Amino acid sequence: QLQLVESGGGLVQPGGQLRLSCAASGFTLDYYAIGWFRQTPGKEREGVSSISSNGDNTRYADSVKGRFTISRDNAKNTVYLQMNSLKPEDTGVYYCAGVRVWSGADLSTFEDHYAYWGQGAQVTVSS
């Protein structure tokens with residue numbers, strides 16, 4: 001069974017940091033681009049960041065550029081989202097998702113392209 005599991009969410013003060021992890025089980029992430037999406041209160045789910053299967057290409061939403069960093073360790077079958085300088089508007093449920101790709105450099109920023117989703121991790125930024 002193909003499964004993605006997020007961890008690392010929690011409560012943090014504004015300006016703080018968290019690192020989310022997305023661990024895969026049942027399949028290897030070597031052939032999958034991974035995206036992070038978030039559902040913030042009152043808004044539709046939005047793309048935050050994505051990374052190609054070989055890790056060479058990344059994309060970030062304008063709202064998180066310079067603060068968030070996506071990375072992956074295929075040997076550990078895990079993708080990470082390092083979130084620094086967190087703001088209250090970053091509060092939400094963060095999901096990782098995977099899409100099978102045929103080139104190591106491919107990634108996608110489109111939610112509809114992703115076939116496999118984790119259950120989500122709550123991130124709350126509040127003083």
# chains A, B, ... in the order shown; residues from 1 in each chain; ligands from 1
$ closest_atom_pairs --of "segment 18-94 of chain A" --to "segment 103-119 of chain A" --cutoff "7 Å" --atoms "only C-alpha atoms" --output "CSV"
residue,atom,partner,partner_atom,distance
A:Ala33,CA,A:Leu107,CA,5.3
A:Gly47,CA,A:Thr109,CA,6.5
A:Ser50,CA,A:Thr109,CA,6.5
A:Ile51,CA,A:Leu107,CA,6.0
A:Ser52,CA,A:Leu107,CA,4.6
A:Ser53,CA,A:Gly104,CA,5.0
A:Asn54,CA,A:Gly104,CA,4.9
A:Asp56,CA,A:Ala105,CA,6.4
A:Asn57,CA,A:Ala105,CA,6.2
$ write_last_selection --atoms "all heavy atoms" --output "compact mmCIF listing (two decimals), in the first residue's frame"
# COMPACT_ATOMS: atom_id res chain seq x y z
N ALA A 33 8.06 13.08 -7.94
CA ALA A 33 8.17 14.46 -7.50
C ALA A 33 7.23 14.63 -6.32
O ALA A 33 6.17 13.98 -6.24
CB ALA A 33 7.79 15.42 -8.62
N GLY A 47 -0.65 25.45 -3.24
CA GLY A 47 0.67 24.88 -3.31
C GLY A 47 1.68 25.74 -2.59
O GLY A 47 1.64 26.96 -2.69
N SER A 50 7.45 22.53 -4.25
CA SER A 50 7.57 21.22 -4.89
C SER A 50 9.03 20.97 -5.24
O SER A 50 9.83 21.91 -5.36
CB SER A 50 6.69 21.13 -6.13
OG SER A 50 6.99 22.18 -7.03
N ILE A 51 9.36 19.67 -5.39
CA ILE A 51 10.73 19.28 -5.67
C ILE A 51 10.72 18.11 -6.64
O ILE A 51 9.87 17.21 -6.56
CB ILE A 51 11.47 18.92 -4.35
CG1 ILE A 51 12.96 18.69 -4.59
CG2 ILE A 51 10.82 17.72 -3.66
CD1 ILE A 51 13.79 18.64 -3.31
N SER A 52 11.66 18.15 -7.58
CA SER A 52 11.76 17.07 -8.55
C SER A 52 12.29 15.80 -7.89
O SER A 52 12.80 15.83 -6.77
CB SER A 52 12.69 17.51 -9.70
OG SER A 52 13.99 17.81 -9.20
N SER A 53 12.18 14.70 -8.60
CA SER A 53 12.56 13.42 -8.00
C SER A 53 14.06 13.35 -7.72
O SER A 53 14.48 12.69 -6.76
CB SER A 53 12.14 12.25 -8.90
OG SER A 53 12.80 12.33 -10.16
N ASN A 54 14.87 14.04 -8.52
CA ASN A 54 16.32 14.04 -8.25
C ASN A 54 16.76 15.18 -7.34
O ASN A 54 17.94 15.28 -7.02
CB ASN A 54 17.10 14.06 -9.57
CG ASN A 54 16.87 15.33 -10.37
OD1 ASN A 54 16.28 16.29 -9.89
ND2 ASN A 54 17.35 15.32 -11.60
N ASP A 56 16.97 18.29 -7.96
CA ASP A 56 17.68 19.39 -8.60
C ASP A 56 16.80 20.62 -8.82
O ASP A 56 17.30 21.74 -8.94
CB ASP A 56 18.25 18.94 -9.94
CG ASP A 56 19.46 18.04 -9.77
OD1 ASP A 56 19.97 17.92 -8.63
OD2 ASP A 56 19.89 17.44 -10.78
N ASN A 57 15.50 20.41 -8.94
CA ASN A 57 14.59 21.51 -9.23
C ASN A 57 13.59 21.69 -8.10
O ASN A 57 13.05 20.71 -7.58
CB ASN A 57 13.83 21.25 -10.53
CG ASN A 57 14.76 21.27 -11.73
OD1 ASN A 57 15.69 22.06 -11.78
ND2 ASN A 57 14.50 20.41 -12.69
$ select_by_dssp --residues "chain A" --states "strand (DSSP E)" --output "PyMOL selection string"
chain A and resi 3-7+10-12+18-25+32-39+46-51+58-60+68-73+78-83+92-100+116-117+121-125
$ closest_residue --among "A:Arg38, A:Arg72, A:Lys65, A:Arg45" --to "Ala24 of chain A" --atoms "only C-alpha atoms"
A:Arg72
$ select_by_dssp --residues "segment 45-96 of chain A" --states "helix (DSSP H, G or I)" --output "JSON, numbers by chain"
{"A": [74, 75, 76, 88, 89, 90]}
$ write_last_selection --atoms "C-alpha atoms" --output "PDB file, in the first residue's frame"
ATOM      1  CA  ASN A  74      15.877   9.522  -1.204  1.00  0.00           C
ATOM      2  CA  ALA A  75      18.020   7.126   0.803  1.00  0.00           C
ATOM      3  CA  LYS A  76      15.651   7.770   3.722  1.00  0.00           C
ATOM      4  CA  PRO A  88       0.459  33.642  11.711  1.00  0.00           C
ATOM      5  CA  GLU A  89      -0.792  33.430   8.142  1.00  0.00           C
ATOM      6  CA  ASP A  90       1.237  30.243   7.692  1.00  0.00           C
TER       7      ASP A  90
END
$ residues_around --residues "Val123 of chain A" --least-positions-apart "2" --cutoff "12 Å" --atoms "only C-alpha atoms" --output "count of residues only"
33
$ closest_residue --among "A:Leu2, A:Val64, A:Val101, A:Cys96" --to "Val79 of chain A" --atoms "only C-alpha atoms"
A:Cys96
$ residues_around --residues "Tyr80 of chain A" --least-positions-apart "6" --cutoff "9 Å" --atoms "only C-alpha atoms" --output "ChimeraX atom specification"
/A:19-23,69-73
$ closest_residue --among "A:Leu81, A:Leu29, A:Ile34, A:Leu4" --to "Phe68 of chain A" --atoms "only C-alpha atoms"
A:Leu81
$ atom_distance --atom1 "atom CA of Arg59 of chain A" --atom2 "atom CA of Gly35 of chain A"
9.1 Å
$ closest_residue --among "A:Gly66, A:Val48, A:Tyr31, A:Lys43" --to "Trp102 of chain A" --atoms "only C-alpha atoms"
A:Tyr31
$ closest_residue --among "A:Thr78, A:Thr28, A:Ser49, A:Ser127" --to "Ser63 of chain A" --atoms "only C-alpha atoms"
A:Ser49
$ atom_distance --atom1 "atom CA of Asp62 of chain A" --atom2 "atom CA of Tyr32 of chain A"
23.5 Å
